[in-house]
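As stored in input.cif (mmCIF, C-alpha atoms):
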data_coords
#
loop_
_atom_site.label_atom_id
_atom_site.label_comp_id
_atom_site.auth_asym_id
_atom_site.auth_seq_id
_atom_site.Cartn_x
_atom_site.Cartn_y
_atom_site.Cartn_z
CA MET A 1 5.83 -40.84 2.94
CA ALA A 2 3.33 -40.79 0.08
CA GLY A 3 4.01 -38.45 -2.83
CA GLY A 4 0.91 -36.37 -2.39
CA ARG A 5 1.25 -36.05 1.37
CA PRO A 6 3.63 -33.11 1.80
CA SER A 7 1.79 -30.97 -0.74
CA ALA A 8 -1.54 -31.69 0.93
CA ARG A 9 -0.01 -30.69 4.24
CA ARG A 10 1.42 -27.59 2.61
CA ILE A 11 -1.96 -26.58 1.23
CA GLY A 12 -3.49 -27.16 4.65
CA SER A 13 -0.81 -24.98 6.20
CA TRP A 14 -1.47 -22.22 3.64
CA VAL A 15 -5.20 -22.34 4.33
CA LEU A 16 -4.52 -22.19 8.07
CA GLY A 17 -2.18 -19.22 7.67
CA PHE A 18 -4.68 -17.44 5.48
CA VAL A 19 -7.48 -18.06 7.97
CA VAL A 20 -5.33 -16.51 10.71
CA LEU A 21 -4.82 -13.37 8.58
CA VAL A 22 -8.53 -13.11 7.78
CA LEU A 23 -9.45 -13.61 11.45
CA CYS A 24 -7.07 -10.82 12.51
CA LEU A 25 -8.56 -8.59 9.82
CA GLU A 26 -12.17 -9.28 10.80
CA LEU A 27 -11.35 -8.87 14.47
CA GLY A 28 -9.71 -5.55 13.58
CA ASN A 29 -12.81 -4.48 11.65
CA LEU A 30 -14.98 -5.51 14.58
CA VAL A 31 -12.89 -3.55 17.09
CA ALA A 32 -12.81 -0.46 14.83
CA TRP A 33 -16.56 -0.64 14.32
CA GLY A 34 -17.44 -1.58 17.91
CA ALA A 35 -15.28 1.13 19.47
CA GLY A 36 -16.31 3.66 16.82
CA LEU A 37 -12.63 4.31 15.99
CA PRO A 38 -11.97 6.32 12.82
CA VAL A 39 -9.04 3.97 12.10
CA PRO A 40 -9.09 1.39 9.28
CA GLY A 41 -9.77 -2.12 10.60
CA THR A 42 -6.74 -3.39 8.64
CA VAL A 43 -4.41 -1.36 10.85
CA ILE A 44 -5.95 -2.76 14.03
CA GLY A 45 -5.67 -6.18 12.36
CA ILE A 46 -1.90 -5.60 11.92
CA LEU A 47 -1.60 -4.69 15.60
CA ILE A 48 -3.58 -7.78 16.65
CA LEU A 49 -1.35 -10.09 14.57
CA LEU A 50 1.75 -8.30 15.87
CA ALA A 51 0.58 -8.78 19.46
CA GLY A 52 -0.06 -12.47 18.71
CA LEU A 53 3.47 -12.92 17.28
CA PHE A 54 4.98 -11.26 20.34
CA ALA A 55 2.94 -13.54 22.59
CA LEU A 56 4.14 -16.61 20.64
CA ARG A 57 7.69 -15.16 20.36
CA ARG A 58 8.00 -16.63 16.86
CA VAL A 59 6.26 -16.61 13.47
CA PRO A 60 4.43 -19.92 12.80
CA ASP A 61 5.44 -21.36 9.39
CA ALA A 62 1.84 -21.31 8.18
CA VAL A 63 1.48 -17.57 8.82
CA ASN A 64 4.99 -16.78 7.60
CA ASP A 65 4.65 -18.56 4.23
CA VAL A 66 1.28 -17.16 3.23
CA SER A 67 2.22 -13.66 4.46
CA LEU A 68 5.43 -13.46 2.48
CA TYR A 69 3.64 -14.80 -0.60
CA LEU A 70 0.87 -12.21 -0.38
CA LEU A 71 3.33 -9.40 0.31
CA GLY A 72 5.43 -10.50 -2.67
CA HIS A 73 2.44 -10.00 -4.96
CA LEU A 74 0.93 -6.85 -3.46
CA ASN A 75 1.26 -5.11 -6.82
CA LEU A 76 -1.25 -7.52 -8.37
CA LEU A 77 -3.76 -6.56 -5.69
CA TYR A 78 -3.25 -2.83 -6.41
CA VAL A 79 -4.16 -3.15 -10.10
CA PRO A 80 -7.97 -3.01 -9.59
CA ALA A 81 -7.51 -0.01 -7.30
CA GLY A 82 -5.49 1.74 -10.00
CA VAL A 83 -8.04 0.86 -12.68
CA GLY A 84 -10.73 2.30 -10.39
CA VAL A 85 -9.40 5.79 -11.18
CA MET A 86 -11.29 5.42 -14.49
CA GLY A 87 -14.43 6.27 -12.54
CA TYR A 88 -12.97 9.65 -11.55
CA LEU A 89 -11.32 10.87 -14.74
CA ALA A 90 -13.34 14.11 -14.72
CA LEU A 91 -12.07 14.97 -11.23
CA VAL A 92 -8.48 14.08 -12.18
CA ALA A 93 -8.74 16.22 -15.32
CA ARG A 94 -10.12 19.16 -13.34
CA ASP A 95 -7.41 18.99 -10.65
CA PHE A 96 -4.60 17.72 -12.88
CA TRP A 97 -1.92 20.34 -12.22
CA PRO A 98 -2.55 20.71 -8.47
CA ILE A 99 -2.28 16.93 -8.25
CA VAL A 100 0.98 16.73 -10.21
CA VAL A 101 2.66 19.58 -8.32
CA THR A 102 1.49 18.26 -4.94
CA LEU A 103 2.72 14.74 -5.66
CA PHE A 104 6.21 15.91 -6.65
CA VAL A 105 6.82 18.66 -4.08
CA SER A 106 5.26 16.85 -1.14
CA THR A 107 7.19 13.64 -1.86
CA PHE A 108 10.51 15.55 -2.14
CA LEU A 109 9.84 17.35 1.14
CA ALA A 110 8.79 14.19 3.01
CA THR A 111 11.86 12.26 1.78
CA ILE A 112 14.27 14.99 2.88
CA ALA A 113 12.46 15.56 6.20
CA ALA A 114 12.52 11.87 7.14
CA ALA A 115 16.17 11.33 6.11
CA LEU A 116 17.53 14.49 7.77
CA THR A 117 15.59 13.88 10.99
CA PHE A 118 16.80 10.28 11.16
CA ARG A 119 20.43 11.29 10.70
CA TRP A 120 20.15 14.15 13.19
CA ALA A 121 18.52 11.94 15.85
CA ALA A 122 20.90 9.00 15.24
CA GLY A 123 23.93 11.29 15.40
CA LYS A 124 22.88 12.97 18.62
CA ARG A 125 22.89 9.79 20.66
CA SER A 126 26.38 8.59 19.74
CA MET B 127 -37.85 -16.85 -14.52
CA SER B 128 -38.93 -19.87 -12.48
CA ASP B 129 -35.77 -20.86 -10.71
CA ILE B 130 -35.06 -18.14 -8.15
CA GLY B 131 -32.02 -19.83 -6.63
CA PHE B 132 -30.37 -20.01 -10.00
CA GLN B 133 -31.28 -16.42 -10.74
CA LEU B 134 -29.53 -15.14 -7.64
CA ILE B 135 -26.29 -15.67 -9.50
CA ASP B 136 -26.10 -13.63 -12.66
CA TRP B 137 -24.06 -15.98 -14.84
CA SER B 138 -23.19 -13.34 -17.39
CA GLU B 139 -21.58 -11.38 -14.55
CA VAL B 140 -19.59 -14.40 -13.39
CA GLY B 141 -18.25 -14.86 -16.91
CA GLU B 142 -17.31 -11.22 -17.31
CA GLY B 143 -15.80 -11.01 -13.82
CA THR B 144 -13.69 -14.09 -14.50
CA PHE B 145 -12.51 -12.62 -17.80
CA TRP B 146 -11.30 -9.38 -16.16
CA LEU B 147 -9.76 -11.29 -13.26
CA LEU B 148 -7.78 -13.60 -15.55
CA LEU B 149 -6.76 -10.70 -17.79
CA THR B 150 -5.48 -8.77 -14.76
CA ILE B 151 -3.43 -11.74 -13.56
CA ALA B 152 -2.03 -12.36 -17.05
CA LEU B 153 -1.03 -8.71 -17.49
CA TYR B 154 0.54 -8.71 -14.04
CA VAL B 155 2.65 -11.76 -14.92
CA VAL B 156 3.83 -10.00 -18.10
CA ALA B 157 4.46 -6.77 -16.15
CA ARG B 158 6.63 -8.62 -13.61
CA ARG B 159 8.71 -10.14 -16.40
CA LEU B 160 9.19 -6.71 -17.93
CA GLN B 161 10.20 -5.24 -14.59
CA GLN B 162 12.75 -8.02 -14.01
CA LYS B 163 14.15 -7.49 -17.53
CA SER B 164 14.46 -3.75 -16.87
CA GLY B 165 16.63 -4.48 -13.81
CA GLY B 166 13.96 -3.28 -11.37
CA ASN B 167 13.53 0.15 -12.92
CA PRO B 168 10.83 1.88 -10.79
CA LEU B 169 9.38 3.50 -13.92
CA VAL B 170 8.49 0.02 -15.20
CA ASN B 171 6.10 -0.38 -12.27
CA SER B 172 4.08 -3.59 -12.49
CA VAL B 173 0.89 -1.89 -11.28
CA LEU B 174 1.13 0.73 -14.03
CA VAL B 175 2.13 -1.74 -16.74
CA ALA B 176 -0.80 -4.01 -15.85
CA ALA B 177 -3.39 -1.29 -15.21
CA LEU B 178 -2.83 0.92 -18.27
CA PRO B 179 -3.86 -1.66 -20.92
CA ILE B 180 -6.99 -2.49 -18.91
CA MET B 181 -7.82 1.21 -18.62
CA ALA B 182 -7.32 1.60 -22.37
CA LEU B 183 -9.63 -1.36 -23.05
CA LEU B 184 -12.35 0.04 -20.79
CA TYR B 185 -11.97 3.45 -22.37
CA PHE B 186 -12.00 2.46 -26.04
CA PHE B 187 -14.74 -0.17 -25.73
CA ASP B 188 -16.76 2.09 -23.46
CA VAL B 189 -17.02 -0.51 -20.69
CA PRO B 190 -18.14 0.89 -17.29
CA VAL B 191 -15.61 0.41 -14.47
CA SER B 192 -18.34 -1.40 -12.52
CA HIS B 193 -18.02 -4.28 -15.02
CA TYR B 194 -14.28 -4.53 -14.44
CA ALA B 195 -14.95 -4.41 -10.68
CA LEU B 196 -16.84 -7.73 -10.95
CA GLY B 197 -13.43 -9.38 -11.35
CA GLY B 198 -11.28 -6.79 -9.60
CA PHE B 199 -13.35 -7.19 -6.45
CA TRP B 200 -11.62 -10.48 -5.59
CA LEU B 201 -8.15 -8.96 -5.74
CA LEU B 202 -9.25 -5.93 -3.74
CA TRP B 203 -10.67 -8.25 -1.12
CA LEU B 204 -7.33 -10.08 -0.83
CA LEU B 205 -5.68 -6.74 -0.12
CA GLY B 206 -7.16 -6.83 3.40
CA PRO B 207 -5.45 -10.04 4.62
CA ALA B 208 -2.32 -9.04 2.67
CA THR B 209 -2.12 -5.80 4.62
CA VAL B 210 -2.47 -7.62 7.93
CA ALA B 211 0.50 -9.73 6.78
CA LEU B 212 2.71 -6.62 7.11
CA ALA B 213 2.90 -7.52 10.81
CA VAL B 214 5.17 -10.48 9.92
CA PRO B 215 8.18 -8.59 8.46
CA LEU B 216 7.70 -5.93 11.14
CA TYR B 217 7.97 -8.61 13.85
CA ILE B 218 10.95 -10.29 12.15
CA ASN B 219 12.81 -6.96 11.92
CA PHE B 220 11.76 -5.68 15.31
CA SER B 221 15.34 -5.81 16.62
CA HIS B 222 16.12 -2.90 14.25
CA VAL B 223 13.21 -0.93 15.63
CA ARG B 224 14.42 -1.52 19.18
CA ALA B 225 18.01 -0.62 18.33
CA ALA B 226 17.10 2.65 16.59
CA TRP B 227 13.73 3.52 18.03
CA ARG B 228 14.53 7.16 18.76
CA PRO B 229 15.69 8.23 15.29
CA MET B 230 12.90 6.10 13.84
CA ALA B 231 10.18 7.69 15.96
CA LEU B 232 11.39 11.22 15.20
CA ALA B 233 11.91 10.56 11.48
CA LEU B 234 8.50 8.94 11.34
CA VAL B 235 6.81 11.97 12.87
CA ALA B 236 8.77 14.39 10.66
CA GLY B 237 8.21 12.40 7.45
CA SER B 238 4.52 11.73 7.94
CA VAL B 239 3.66 15.22 9.21
CA VAL B 240 5.55 16.88 6.34
CA ALA B 241 3.91 14.53 3.80
CA VAL B 242 0.38 15.04 5.10
CA VAL B 243 0.57 18.78 5.84
CA SER B 244 2.43 19.68 2.65
CA SER B 245 0.00 17.77 0.45
CA ILE B 246 -3.01 19.39 2.12
CA VAL B 247 -1.49 22.88 1.97
CA ILE B 248 -0.13 22.66 -1.59
CA GLY B 249 -3.23 20.96 -2.97
CA HIS B 250 -5.50 23.48 -1.30
CA MET B 251 -3.39 26.48 -2.35
CA LEU B 252 -3.38 25.38 -5.98
CA GLY B 253 -7.16 25.15 -5.93
CA ALA B 254 -7.74 21.39 -5.92
CA SER B 255 -11.23 20.31 -4.87
CA ILE B 256 -11.78 19.08 -1.31
CA GLU B 257 -12.22 15.44 -2.47
CA THR B 258 -8.88 15.62 -4.23
CA VAL B 259 -7.15 17.14 -1.18
CA ARG B 260 -8.65 14.48 1.09
CA SER B 261 -7.49 11.81 -1.33
CA LEU B 262 -3.99 13.33 -1.51
CA ALA B 263 -3.46 13.56 2.27
CA PRO B 264 -2.62 9.87 2.92
CA LYS B 265 -0.61 9.41 -0.31
CA THR B 266 2.72 8.42 1.28
CA VAL B 267 1.07 5.58 3.19
CA THR B 268 1.18 2.08 1.72
CA THR B 269 -1.81 1.56 -0.63
CA PRO B 270 -4.21 -0.64 1.36
CA ILE B 271 -3.89 1.46 4.52
CA ALA B 272 -4.04 4.70 2.51
CA MET B 273 -7.31 3.59 0.90
CA GLY B 274 -8.76 2.90 4.35
CA ILE B 275 -7.65 6.32 5.59
CA ALA B 276 -9.15 8.03 2.51
CA ARG B 277 -12.46 6.31 3.25
CA GLU B 278 -12.32 7.50 6.89
CA ILE B 279 -11.67 11.16 6.02
CA GLY B 280 -14.05 11.42 3.07
CA GLY B 281 -11.59 11.05 0.21
CA ILE B 282 -11.88 8.72 -2.78
CA PRO B 283 -10.00 5.44 -2.15
CA GLU B 284 -9.44 4.71 -5.86
CA LEU B 285 -7.92 8.15 -6.37
CA THR B 286 -5.72 7.69 -3.31
CA ALA B 287 -4.53 4.34 -4.67
CA ALA B 288 -3.37 6.02 -7.88
CA PHE B 289 -1.70 8.85 -5.91
CA VAL B 290 0.17 6.34 -3.74
CA ILE B 291 1.49 4.56 -6.81
CA PHE B 292 2.72 7.78 -8.44
CA THR B 293 4.15 9.01 -5.11
CA GLY B 294 6.05 5.74 -4.85
CA ILE B 295 7.42 6.05 -8.37
CA ILE B 296 8.42 9.70 -7.84
CA GLY B 297 10.10 8.87 -4.51
CA ALA B 298 11.86 5.77 -5.84
CA VAL B 299 13.24 7.63 -8.87
CA SER B 300 14.27 10.84 -7.08
CA ALA B 301 15.29 9.81 -3.55
CA ALA B 302 18.90 8.85 -4.38
CA PHE B 303 19.40 12.29 -5.95
CA LEU B 304 17.79 14.03 -2.95
CA PHE B 305 19.99 12.09 -0.53
CA ARG B 306 23.09 13.19 -2.44
CA LEU B 307 21.80 16.77 -2.44
CA VAL B 308 21.54 16.90 1.37
CA GLY B 309 24.43 14.49 1.99
CA ILE B 310 22.70 11.45 3.52
CA LYS B 311 24.97 8.39 3.47
CA ASP B 312 23.64 6.44 6.47
CA GLU B 313 21.93 3.38 4.97
CA ARG B 314 19.40 3.25 7.79
CA ALA B 315 18.39 6.90 7.26
CA ARG B 316 18.14 6.37 3.49
CA GLY B 317 16.06 3.22 3.87
CA PHE B 318 13.75 4.67 6.47
CA ALA B 319 13.12 7.75 4.32
CA PHE B 320 12.47 5.54 1.27
CA GLY B 321 9.83 3.62 3.21
CA VAL B 322 8.18 6.60 4.89
CA ALA B 323 8.04 8.81 1.79
CA ALA B 324 7.62 6.28 -1.02
CA GLY B 325 5.89 3.25 0.54
CA GLY B 326 6.07 -0.15 -1.12
CA ILE B 327 7.61 1.04 -4.38
CA GLY B 328 10.25 2.96 -2.43
CA THR B 329 10.94 -0.14 -0.36
CA ALA B 330 11.49 -2.23 -3.49
CA ARG B 331 13.94 0.42 -4.72
CA ALA B 332 15.68 0.50 -1.32
CA PHE B 333 16.33 -3.25 -1.47
CA GLN B 334 18.34 -2.59 -4.65
CA GLU B 335 20.74 -0.44 -2.60
CA SER B 336 21.30 -3.01 0.15
CA MET B 337 19.55 -5.45 2.47
CA LEU B 338 19.91 -3.04 5.38
CA THR B 339 18.44 -0.13 3.41
CA GLY B 340 15.54 -2.31 2.26
CA THR B 341 14.82 -3.65 5.74
CA PHE B 342 14.68 -0.15 7.19
CA ALA B 343 12.45 0.92 4.31
CA GLY B 344 10.00 -1.90 5.01
CA VAL B 345 9.87 -1.03 8.69
CA GLY B 346 9.44 2.67 7.85
CA MET B 347 6.62 1.90 5.44
CA THR B 348 4.68 -0.22 7.93
CA LEU B 349 5.18 2.11 10.91
CA ASN B 350 4.20 5.09 8.75
CA GLY B 351 1.03 3.27 7.70
CA ILE B 352 0.07 2.46 11.27
CA ILE B 353 0.84 5.90 12.70
CA THR B 354 -0.76 7.88 9.86
CA ALA B 355 -3.85 5.67 9.98
CA ILE B 356 -4.29 6.43 13.67
CA VAL B 357 -3.38 10.13 13.64
CA LEU B 358 -4.75 11.47 10.35
CA PRO B 359 -8.45 10.60 10.85
CA LEU B 360 -8.30 11.98 14.40
CA LEU B 361 -6.70 15.21 13.16
CA TRP B 362 -9.31 15.45 10.44
CA LEU B 363 -12.13 15.01 12.95
CA TYR B 364 -10.54 17.66 15.13
CA PHE B 365 -10.10 20.30 12.44
CA ALA B 366 -13.04 19.54 10.18
#
Now that the file is in, can you turn its structure into structure tokens?
Amino acid sequence: MAGGRPSARRIGSWVLGFVVLVLCLELGNLVAWGAGLPVPGTVIGILILLAGLFALRRVPDAVNDVSLYLLGHLNLLYVPAGVGVMGYLALVARDFWPIVVTLFVSTFLATIAAALTFRWAAGKRS
Amino acid sequence: MSDIGFQLIDWSEVGEGTFWLLLTIALYVVARRLQQKSGGNPLVNSVLVAALPIMALLYFFDVPVSHYALGGFWLLWLLGPATVALAVPLYINFSHVRAAWRPMALALVAGSVVAVVSSIVIGHMLGASIETVRSLAPKTVTTPIAMGIAREIGGIPELTAAFVIFTGIIGAVSAAFLFRLVGIKDERARGFAFGVAAGGIGTARAFQESMLTGTFAGVGMTLNGIITAIVLPLLWLYFA
């Protein structure tokens, strides 16, 4: 086997995996737009890929590798979104305290609600 | 002036976009190092550590955000396929969903309803503007899905992205204390709550507790994103 061969194959596999993700996304966007659903196309894209994996009954290496890589670096992809807040500083300044209080209280409540409900429902069955 | 094809690409924009793109990647690499050195402290969040210097640069040199967006656009675009990739860990861990589907379904409903309703009610009561409230509503959902929901219900996606990050940090830092307060020891319940209430940052924190906690957090995060994305815009259409 030539030295460059496996890496070329690996790049091909990454491109293939990436194309699959993009296709699922665009198909999701198309379905959301075509059916007039008020649901983000990305979510329908997740469901389409999930359905595909269930149909295959396994995760192809190409899709698995590129997916785990992208998911491992999600934080990089959030940076521009975070920086985008700069365009709304006036709004953030105006609503600063409502925002801070809402973030803290709502997160505490949601954490407790989810954990207590899970324990209650898991305990009931056994 | 003569060559129209060449003019279609504004080369000064390409240069500036590339600069911001490379700077973002470089800061992210540094931020990851710092986070690893801190032992995964959620306060040393790599989004915050990378975004704050860029925000300071834009602010002090009076650069419009639209200039940064020339480079940031590429990363935001990648967020779409990366979100679709969430289907992979969900499929891999589906045995957990099947084994505990009832507590998961109920905890999912409780967590997402409490998160959405409480943020709308509290934000509204404290006098936040309607754009802010709409941007707050999907804040427990993982960022890319939350931004899509904000767009659907008339919020501001960029604002939602920032709220999701801070929600994640708040949840990741406080959840262990809250669990002790109400006596939650079940690793599955802890993990699921981490994922539902604190998204990706909560999931990263949950993996520090144990593999099982982290796995349940990841599943909770993804299911919460899917369910909230389907239900919240419909609810908004119904009530608005």
(request) Residues of chain A no more than 7 Å from chain B, counting all atoms listed in the file: send them over as a PyMOL selection string. (result) chain A and resi 21-22+25+38-40+42-43+45-46+49-50+64+67+70-71+75-87+95+98-99+102-104+106-107+109-115+117-119+121-122
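The space between CA of Gly72 (chain A) and CA of Ala330 (chain B) spans 10.3 Å.
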(request) Go through B:Gly325, B:Arg260, B:Val345, B:Leu361 one by one, measure the shortest atom-to-atom distance of each to Leu74 (chain A) using all atoms listed in the file, and give the residue with the smallest value. (result) B:Gly325
(request) Check the smallest atom-to-atom distance from each of B:Ser336, B:Phe342, B:His193, B:Phe220 to Arg57 (chain A) using all atoms listed in the file, then report the winner. (result) B:Phe220
(message) Once the PyMOL selection byres ((chain A and resi 61) around 12) is applied to the coordinates I shared, what remains selected? I want it as JSON, numbers by chain.
(response) {"A": [9, 10, 12, 13, 14, 15, 16, 17, 18, 20, 53, 58, 59, 60, 62, 63, 64, 65, 66, 67, 68], "B": [214]}
